[in-house]
file input12.cif (mmCIF, C-alpha atoms)
data_coords
loop_
_atom_site.label_atom_id
_atom_site.label_comp_id
_atom_site.auth_asym_id
_atom_site.auth_seq_id
_atom_site.Cartn_x
_atom_site.Cartn_y
_atom_site.Cartn_z
CA MET A 627 74.59 111.38 53.70
CA SER A 628 77.32 110.84 56.29
CA VAL A 629 76.16 109.73 59.73
CA GLN A 630 79.24 111.47 61.13
CA ALA A 631 77.77 114.83 60.07
CA ILE A 632 74.79 114.46 62.42
CA THR A 633 75.46 116.24 65.71
CA LEU A 634 74.28 115.55 69.24
CA ARG A 635 72.80 119.07 69.31
CA GLN A 636 70.61 118.24 66.32
CA LEU A 637 69.37 115.03 67.91
CA ARG A 638 68.60 116.76 71.21
CA ALA A 639 66.72 119.51 69.38
CA PHE A 640 64.60 117.01 67.46
CA ILE A 641 63.83 114.96 70.60
CA ALA A 642 62.85 118.11 72.52
CA VAL A 643 60.42 119.21 69.79
CA ALA A 644 58.90 115.72 69.64
CA LYS A 645 58.49 115.70 73.41
CA HIS A 646 57.01 119.19 73.87
CA GLY A 647 55.16 119.55 70.55
CA ASN A 648 56.17 123.18 70.54
CA TYR A 649 59.29 124.98 69.34
CA THR A 650 59.26 127.61 72.07
CA ARG A 651 59.02 125.15 74.96
CA ALA A 652 61.51 122.80 73.31
CA ALA A 653 64.05 125.63 72.92
CA GLU A 654 63.65 126.61 76.57
CA HIS A 655 64.06 122.99 77.69
CA ILE A 656 67.46 122.52 76.01
CA CYS A 657 68.60 126.13 76.55
CA LEU A 658 68.72 127.15 72.88
CA SER A 659 67.27 130.13 71.16
CA GLN A 660 64.27 129.30 68.97
CA PRO A 661 66.12 130.23 65.74
CA ALA A 662 69.04 127.97 66.76
CA LEU A 663 66.64 125.11 67.46
CA THR A 664 64.84 125.58 64.16
CA SER A 665 68.18 125.69 62.34
CA SER A 666 69.25 122.41 64.00
CA ILE A 667 66.03 120.66 62.94
CA LEU A 668 66.31 121.88 59.36
CA ALA A 669 69.97 120.83 59.18
CA LEU A 670 69.07 117.37 60.46
CA GLU A 671 66.29 116.99 57.89
CA ASP A 672 68.65 118.16 55.17
CA LEU A 673 71.27 115.57 56.17
CA LEU A 674 68.69 112.78 56.30
CA ARG A 675 66.92 114.02 53.15
CA LEU A 676 63.68 113.41 55.01
CA ARG A 677 60.98 115.59 56.44
CA LEU A 678 60.76 114.69 60.13
CA ILE A 679 58.27 117.30 61.35
CA ASP A 680 55.13 118.79 59.84
CA ARG A 681 54.66 122.29 61.17
CA ASP A 682 52.27 125.18 60.74
CA THR A 683 51.47 128.23 62.81
CA ARG A 684 49.65 126.16 65.45
CA ASN A 685 50.72 122.52 65.32
CA VAL A 686 53.93 120.52 65.34
CA GLU A 687 53.56 116.87 64.41
CA LEU A 688 56.03 114.16 63.55
CA THR A 689 55.83 112.60 60.12
CA ASP A 690 55.86 108.82 59.83
CA ALA A 691 59.59 109.04 59.12
CA GLY A 692 59.99 111.30 62.15
CA LYS A 693 58.21 108.83 64.42
CA GLU A 694 60.45 106.04 63.22
CA PHE A 695 63.59 108.15 63.59
CA LEU A 696 62.63 109.32 67.10
CA ALA A 697 63.05 105.88 68.73
CA GLY A 698 66.56 105.44 67.37
CA ALA A 699 67.57 109.03 68.16
CA GLN A 700 66.37 108.68 71.75
CA ARG A 701 68.29 105.43 72.16
CA VAL A 702 71.52 106.98 70.84
CA VAL A 703 71.24 110.02 73.10
CA ASN A 704 70.38 107.92 76.16
CA GLU A 705 73.36 105.63 75.59
CA LEU A 706 75.69 108.57 75.10
CA ASP A 707 74.37 110.30 78.22
CA PHE A 708 74.94 107.10 80.19
CA LEU A 709 78.48 106.77 78.82
CA ILE A 710 79.32 110.37 79.72
CA GLU A 711 77.85 110.05 83.21
CA SER A 712 79.62 106.74 83.82
CA THR A 713 82.97 108.13 82.65
CA GLU A 714 82.59 111.24 84.80
CA SER A 715 81.74 109.06 87.80
CA ARG A 716 84.83 106.92 87.27
CA ALA A 717 87.00 109.98 86.76
CA GLY A 718 85.61 111.44 89.97
CA LEU A 719 86.20 108.15 91.85
CA ARG A 720 82.50 107.91 92.71
CA GLU A 721 82.14 104.47 91.14
CA GLY A 722 83.96 101.91 89.01
CA GLU A 723 86.04 98.79 89.53
CA VAL A 724 89.72 98.15 90.12
CA VAL A 725 91.05 94.67 89.34
CA VAL A 726 94.38 93.67 90.90
CA ALA A 727 96.27 90.43 90.25
CA CYS A 728 98.55 89.52 93.11
CA LEU A 729 100.44 86.79 94.92
CA PRO A 730 98.40 85.37 97.82
CA SER A 731 101.35 86.16 100.11
CA THR A 732 100.92 89.90 99.51
CA ILE A 733 97.26 90.08 100.53
CA GLU A 734 97.63 90.42 104.28
CA THR A 735 100.82 92.49 104.38
CA VAL A 736 100.31 94.78 101.38
CA LEU A 737 96.73 94.67 100.14
CA GLY A 738 95.05 94.48 103.54
CA PRO A 739 96.05 97.99 104.68
CA CYS A 740 95.49 99.39 101.16
CA LEU A 741 91.97 97.94 100.87
CA THR A 742 90.91 99.33 104.23
CA LEU A 743 92.12 102.85 103.49
CA PHE A 744 90.89 102.92 99.88
CA SER A 745 87.42 101.64 100.77
CA GLN A 746 87.06 104.35 103.41
CA GLN A 747 88.03 107.10 100.96
CA PHE A 748 86.19 105.77 97.88
CA PRO A 749 83.30 103.55 99.02
CA GLY A 750 81.68 103.54 95.57
CA VAL A 751 84.64 101.86 93.85
CA ARG A 752 84.70 98.04 93.81
CA ILE A 753 87.98 96.16 94.24
CA ARG A 754 88.39 92.71 92.70
CA ILE A 755 91.39 90.61 93.72
CA ARG A 756 92.82 87.87 91.48
CA ASP A 757 95.17 85.91 93.78
CA VAL A 758 97.33 83.81 91.48
CA ASN A 759 100.96 82.79 90.96
CA ASP A 760 103.68 84.87 89.27
CA SER A 761 103.22 83.58 85.72
CA GLU A 762 99.47 84.17 85.83
CA ILE A 763 99.94 87.74 87.04
CA SER A 764 101.91 88.67 83.92
CA SER A 765 99.33 86.97 81.69
CA LEU A 766 96.45 88.83 83.33
CA VAL A 767 98.30 92.14 83.00
CA LEU A 768 99.11 91.59 79.33
CA SER A 769 95.59 90.43 78.46
CA ARG A 770 94.13 93.48 80.24
CA ASP A 771 92.13 91.24 82.57
CA CYS A 772 93.49 93.28 85.46
CA ASP A 773 94.61 96.88 85.90
CA PHE A 774 98.01 95.98 87.36
CA GLY A 775 99.72 93.22 89.31
CA ILE A 776 101.70 92.79 92.53
CA GLY A 777 104.29 90.05 92.42
CA GLY A 778 107.80 88.98 91.62
CA ARG A 779 109.94 90.05 88.70
CA PRO A 780 108.41 88.61 85.50
CA SER A 781 110.58 86.16 83.57
CA GLU A 782 109.02 87.43 80.33
CA ARG A 783 109.52 91.21 80.26
CA LYS A 784 108.18 91.99 76.80
CA ALA A 785 105.46 94.68 77.01
CA VAL A 786 105.57 94.48 80.82
CA VAL A 787 107.04 97.03 83.24
CA PHE A 788 108.25 95.87 86.67
CA LEU A 789 108.70 98.45 89.44
CA PRO A 790 110.72 96.78 92.26
CA LEU A 791 109.65 98.00 95.70
CA TYR A 792 110.44 95.35 98.31
CA GLU A 793 113.02 92.60 98.88
CA ASP A 794 111.34 89.59 100.44
CA THR A 795 113.82 87.25 102.15
CA PHE A 796 113.60 83.47 102.28
CA HIS A 797 113.06 81.70 105.63
CA VAL A 798 112.99 78.04 106.50
CA LEU A 799 109.87 76.77 108.26
CA PHE A 800 110.27 73.77 110.59
CA ARG A 801 108.65 71.97 113.52
CA ARG A 802 109.49 73.02 117.03
CA GLY A 803 112.24 70.85 118.46
CA HIS A 804 114.10 70.70 115.12
CA ARG A 805 117.86 71.29 115.30
CA PHE A 806 117.41 74.63 113.49
CA GLU A 807 115.63 75.99 116.57
CA GLN A 808 119.02 76.48 118.22
CA LEU A 809 120.30 78.69 115.39
CA ASP A 810 119.75 82.42 114.75
CA THR A 811 119.97 81.93 111.00
CA VAL A 812 120.33 78.80 108.85
CA PRO A 813 122.88 78.47 106.03
CA LEU A 814 121.45 77.33 102.70
CA ALA A 815 123.74 74.29 102.66
CA GLU A 816 122.14 73.09 105.92
CA VAL A 817 118.64 73.59 104.55
CA LEU A 818 119.45 71.52 101.49
CA ARG A 819 120.54 68.58 103.66
CA GLU A 820 117.00 68.21 105.00
CA ARG A 821 113.91 66.68 103.46
CA LEU A 822 112.18 69.51 101.62
CA VAL A 823 108.51 70.38 101.27
CA LEU A 824 108.07 72.84 98.38
CA GLN A 825 105.42 74.54 96.31
CA SER A 826 104.97 73.41 92.69
CA ILE A 827 107.50 74.30 90.02
CA ALA A 828 105.03 76.76 88.47
CA THR A 829 105.46 79.19 91.38
CA GLY A 830 108.04 81.95 91.38
CA MET A 831 109.10 81.07 94.92
CA ARG A 832 110.00 77.51 93.91
CA GLN A 833 111.92 78.70 90.86
CA LEU A 834 113.95 81.18 92.91
CA PHE A 835 114.85 78.55 95.49
CA GLU A 836 115.84 76.03 92.85
CA GLY A 837 118.06 78.69 91.27
CA ALA A 838 119.78 79.32 94.60
CA ALA A 839 120.38 75.58 95.07
CA ALA A 840 121.81 75.27 91.56
CA ARG A 841 124.20 78.17 92.17
CA ALA A 842 125.34 76.42 95.37
CA GLY A 843 126.06 73.32 93.30
CA ILE A 844 123.66 71.16 95.31
CA LYS A 845 121.00 68.98 93.71
CA LEU A 846 117.55 69.75 95.00
CA GLU A 847 115.65 66.72 96.33
CA VAL A 848 111.97 67.34 96.98
CA HIS A 849 110.22 65.05 99.44
CA CYS A 850 106.73 66.55 99.14
CA GLU A 851 105.18 69.09 96.82
CA ALA A 852 101.96 71.10 97.17
CA GLU A 853 100.18 74.03 95.54
CA GLN A 854 98.82 75.88 98.55
CA LEU A 855 100.71 77.40 101.48
CA SER A 856 98.12 76.00 103.86
CA THR A 857 98.99 72.51 102.62
CA LEU A 858 102.71 73.15 103.13
CA THR A 859 101.94 74.19 106.70
CA VAL A 860 100.18 70.89 107.42
CA LEU A 861 102.98 68.85 105.82
CA VAL A 862 105.63 70.56 107.94
CA GLU A 863 103.47 70.18 111.07
CA LYS A 864 103.25 66.44 110.37
CA GLY A 865 107.03 66.22 110.26
CA LEU A 866 107.27 65.40 106.55
CA GLY A 867 110.01 67.95 105.99
CA ILE A 868 110.97 71.61 106.18
CA ALA A 869 109.71 74.36 103.87
CA PRO A 870 111.72 77.27 102.45
CA VAL A 871 109.28 80.18 102.08
CA THR A 872 109.45 83.96 101.96
CA SER A 873 108.69 86.25 104.92
CA PHE A 874 105.41 87.41 103.31
CA CYS A 875 104.30 83.77 103.07
CA LEU A 876 104.89 83.23 106.78
CA SER A 877 101.99 85.56 107.56
CA LEU A 878 99.70 83.03 105.85
CA MET A 879 101.17 80.02 107.64
CA PRO A 880 100.49 80.57 111.36
CA SER A 881 100.95 77.54 113.57
CA PRO A 882 101.78 77.09 117.27
CA TYR A 883 103.85 74.04 116.28
CA LEU A 884 106.22 75.73 113.84
CA GLU A 885 109.23 78.06 113.94
CA SER A 886 111.18 79.83 111.21
CA ARG A 887 114.66 81.24 110.63
CA VAL A 888 116.19 83.38 107.89
CA ILE A 889 118.18 81.43 105.30
CA THR A 890 121.70 82.81 104.85
CA ALA A 891 125.00 82.06 103.12
CA PRO A 892 123.71 83.27 100.79
CA LEU A 893 120.68 85.36 101.63
CA ILE A 894 117.98 84.54 99.08
CA ILE A 895 115.98 87.56 97.95
CA ARG A 896 112.69 87.65 96.10
CA PRO A 897 112.13 91.12 94.55
CA LEU A 898 108.47 92.17 94.75
CA GLY A 899 106.84 95.10 93.04
CA ILE A 900 104.15 96.42 90.76
CA ILE A 901 103.68 94.88 87.31
CA SER A 902 101.95 96.93 84.61
CA ARG A 903 101.52 97.06 80.84
CA GLU A 904 104.11 99.11 79.05
CA GLY A 905 102.69 102.47 77.96
CA SER A 906 99.30 101.91 79.58
CA THR A 907 97.28 104.65 81.29
CA LEU A 908 95.06 103.54 84.16
CA PHE A 909 91.65 104.87 85.04
CA PRO A 910 91.85 107.33 87.97
CA ALA A 911 90.57 104.81 90.52
CA ALA A 912 93.11 102.16 89.46
CA GLU A 913 95.93 104.72 89.44
CA LYS A 914 94.93 105.91 92.90
CA PHE A 915 95.00 102.35 94.21
CA ARG A 916 98.33 101.66 92.48
CA LEU A 917 99.89 104.67 94.20
CA LEU A 918 98.52 103.48 97.52
CA VAL A 919 100.11 100.06 96.98
CA LYS A 920 103.41 101.72 96.08
CA MET A 921 103.31 103.88 99.20
CA THR A 922 102.57 100.84 101.40
CA MET A 923 105.40 98.77 99.91
CA ASP A 924 107.79 101.71 100.20
CA GLN A 925 106.91 101.99 103.89
CA LEU A 926 107.43 98.24 104.42
CA ALA A 927 110.84 98.45 102.72
CA ALA A 928 111.84 101.45 104.85
CA ALA A 929 110.75 99.69 108.04
CA LYS A 930 112.79 96.62 107.09
CA ARG A 931 115.93 98.71 106.58
CA THR A 932 115.71 100.28 110.06
#
call {"tool": "encode", "arguments": {"input": "input12.cif", "output": "structure tokens"}}
result
Amino acid sequence: MSVQAITLRQLRAFIAVAKHGNYTRAAEHICLSQPALTSSILALEDLLRLRLIDRDTRNVELTDAGKEFLAGAQRVVNELDFLIESTESRAGLREGEVVVACLPSTIETVLGPCLTLFSQQFPGVRIRIRDVNDSEISSLVLSRDCDFGIGGRPSERKAVVFLPLYEDTFHVLFRRGHRFEQLDTVPLAEVLRERLVLQSIATGMRQLFEGAAARAGIKLEVHCEAEQLSTLTVLVEKGLGIAPVTSFCLSLMPSPYLESRVITAPLIIRPLGIISREGSTLFPAAEKFRLLVKMTMDQLAAAKRT
């Protein structure tokens, strides 16, 4: 006997007869004709090579084998019903979860507006944010621990698709009263003459800045290093150096004691966009949120160009 030959219709017919103890009422309950219900029961017994129901003109009773089979059949049908209902709910955006891996610097500028709008439209869908650095975003995407990511261009592109949407420019953050306060923009060569406060080498922002320094032929000398942007803010406030950061990062580093200017000659660009698994298809809720993120970043890019 092949388990694959047993149908959901046969299981529902058997459960209905066991519940109602009557073929007529069971057939009405599952919207089958009585001959169709009887045929389903007989086919199930034939596949199992067991008699599940003892029947006569008045009574319908389960055999011992039928009683044992009923518990398992009910469990299978219940689990399948739950799976179908859950899938339909996710497809209809009534419930579910969307997991997004992103750079902390994108939360206020990109994710903030998206979360507000999405939660209003789809209150039953949970959003989980994994705020990590660039390398972790790619890992989470590839391991399927998130639906998609928002970050810089991955250094490892195998099995990952990067959709560039926004060019984030580098600024230099310094204490008020610094000589840079008199300038409209600051050349990279001038930035590199100062004591630098940078994020760790594991971050994409640090790697991009080091690359720009190398192309300028200037050795990078780091005075202080920290993981968190909030720590960089304190270090710059205390006069321990200046910090090259992107414009998105500045939104997370507010301070009445600090100023910033765009770094030029050359302009240093950090491409930001959506990172996804190659060939993957997202659940409707995740795809809806991805499109919302794309629309928001497109609008930010358009506003920057004007």
call {"tool": "atom_distance", "arguments": {"input": "input12.cif", "atom1": "atom CA of Ala691 of chain A", "atom2": "atom CA of Leu674 of chain A"}}
result
10.2 Å
call {"tool": "closest_atom_pairs", "arguments": {"input": "input12.cif", "of": "segment 694-800 of chain A", "to": "segment 847-870 of chain A", "cutoff": "9 Å", "atoms": "only C-alpha atoms", "output": "JSON lines"}}
result
{"residue": "A:Ser731", "atom": "CA", "partner": "A:Leu855", "partner_atom": "CA", "distance": 8.9}
{"residue": "A:Phe796", "atom": "CA", "partner": "A:Pro870", "partner_atom": "CA", "distance": 6.5}
{"residue": "A:His797", "atom": "CA", "partner": "A:Pro870", "partner_atom": "CA", "distance": 5.6}
{"residue": "A:Val798", "atom": "CA", "partner": "A:Pro870", "partner_atom": "CA", "distance": 4.3}
{"residue": "A:Leu799", "atom": "CA", "partner": "A:Ala869", "partner_atom": "CA", "distance": 5.0}
{"residue": "A:Phe800", "atom": "CA", "partner": "A:Ile868", "partner_atom": "CA", "distance": 5.0}
call {"tool": "resolve_selection", "arguments": {"input": "input12.cif", "expression": "the PyMOL selection byres ((chain A and resi 686) around 12)", "output": "ChimeraX atom specification"}}
result
/A:640,642-652,678-685,687-689,692
call {"tool": "resolve_selection", "arguments": {"input": "input12.cif", "expression": "the PyMOL selection byres ((chain A and resi 873) around 7)", "output": "PDB file with C-alpha atoms, in the coordinates of the input"}}
result
ATOM      1  CA  ASP A 794     111.340  89.590 100.440  1.00  0.00           C
ATOM      2  CA  THR A 795     113.820  87.250 102.150  1.00  0.00           C
ATOM      3  CA  PHE A 796     113.600  83.470 102.280  1.00  0.00           C
ATOM      4  CA  HIS A 797     113.060  81.700 105.630  1.00  0.00           C
ATOM      5  CA  VAL A 871     109.280  80.180 102.080  1.00  0.00           C
ATOM      6  CA  THR A 872     109.450  83.960 101.960  1.00  0.00           C
ATOM      7  CA  PHE A 874     105.410  87.410 103.310  1.00  0.00           C
ATOM      8  CA  CYS A 875     104.300  83.770 103.070  1.00  0.00           C
ATOM      9  CA  LEU A 876     104.890  83.230 106.780  1.00  0.00           C
TER      10      LEU A 876
END
call {"tool": "resolve_selection", "arguments": {"input": "input12.cif", "expression": "the PyMOL selection byres ((chain A and resi 896) around 7)", "output": "PDB file with C-alpha atoms, in the frame of the given file"}}
result
ATOM      1  CA  GLY A 778     107.800  88.980  91.620  1.00  0.00           C
ATOM      2  CA  GLU A 793     113.020  92.600  98.880  1.00  0.00           C
ATOM      3  CA  ASP A 794     111.340  89.590 100.440  1.00  0.00           C
ATOM      4  CA  THR A 795     113.820  87.250 102.150  1.00  0.00           C
ATOM      5  CA  ILE A 894     117.980  84.540  99.080  1.00  0.00           C
ATOM      6  CA  ILE A 895     115.980  87.560  97.950  1.00  0.00           C
ATOM      7  CA  PRO A 897     112.130  91.120  94.550  1.00  0.00           C
ATOM      8  CA  LEU A 898     108.470  92.170  94.750  1.00  0.00           C
TER       9      LEU A 898
END
call {"tool": "atom_distance", "arguments": {"input": "input12.cif", "atom1": "atom CA of Thr735 of chain A", "atom2": "atom CA of Val751 of chain A"}}
result
21.5 Å
call {"tool": "residues_near_point", "arguments": {"input": "input12.cif", "point": "(86.4, 90.8, 91.9)", "cutoff": "12 Å", "atoms": "all atoms listed in the file", "output": "list in words"}}
result
Gly722, Glu723, Val724, Val725, Val726, Ala727, Val751, Arg752, Ile753, Arg754, Ile755, Arg756, Asp757, Asp771, Cys772 and Asp773 of chain A
call {"tool": "atom_distance", "arguments": {"input": "input12.cif", "atom1": "atom CA of Leu706 of chain A", "atom2": "atom CA of Arg635 of chain A"}}
result
12.3 Å
call {"tool": "residues_around", "arguments": {"input": "input12.cif", "residues": "Ala838 of chain A", "least_positions_apart": "2", "cutoff": "12 Å", "atoms": "all atoms listed in the file", "output": "ChimeraX atom specification"}}
result
/A:796,813-815,817-818,831-836,840-846,870,889-896
call {"tool": "closest_residue", "arguments": {"input": "input12.cif", "among": "A:Val703, A:Thr732, A:Phe806, A:Phe788", "to": "Leu884 of chain A", "atoms": "all atoms listed in the file"}}
result
A:Phe806
call {"tool": "closest_residue", "arguments": {"input": "input12.cif", "among": "A:Pro661, A:Phe774, A:Phe695, A:Gln925", "to": "Glu913 of chain A", "atoms": "all atoms listed in the file"}}
result
A:Phe774
call {"tool": "residues_around", "arguments": {"input": "input12.cif", "residues": "Ser745 of chain A", "least_positions_apart": "4", "cutoff": "12 Å", "atoms": "only C-alpha atoms", "output": "list in words"}}
result
Leu719, Arg720, Glu721, Glu723, Val724, Leu737, Gly738, Pro739, Cys740, Leu741, Pro749, Gly750, Val751, Arg752, Ile753, Ala911, Lys914, Phe915 and Leu918 of chain A
call {"tool": "closest_residue", "arguments": {"input": "input12.cif", "among": "A:Arg770, A:Lys784, A:Arg887, A:Arg779", "to": "Arg801 of chain A", "atoms": "only C-alpha atoms"}}
result
A:Arg887
call {"tool": "closest_residue", "arguments": {"input": "input12.cif", "among": "A:Ile901, A:Leu743, A:Met921, A:Ala669", "to": "Ser765 of chain A", "atoms": "all atoms listed in the file"}}
result
A:Ile901
call {"tool": "closest_residue", "arguments": {"input": "input12.cif", "among": "A:Tyr792, A:Arg819, A:Gly830, A:Ala785", "to": "Asn759 of chain A", "atoms": "all atoms listed in the file"}}
result
A:Gly830
call {"tool": "residues_around", "arguments": {"input": "input12.cif", "residues": "Leu668 of chain A", "least_positions_apart": "4", "cutoff": "9 Å", "atoms": "all atoms listed in the file", "output": "VMD selection string"}}
result
chain A and resid 636 663 to 664 672 to 673 677
call {"tool": "closest_residue", "arguments": {"input": "input12.cif", "among": "A:Glu885, A:Arg931, A:Met879, A:Ile900", "to": "Gly803 of chain A", "atoms": "only C-alpha atoms"}}
result
A:Glu885
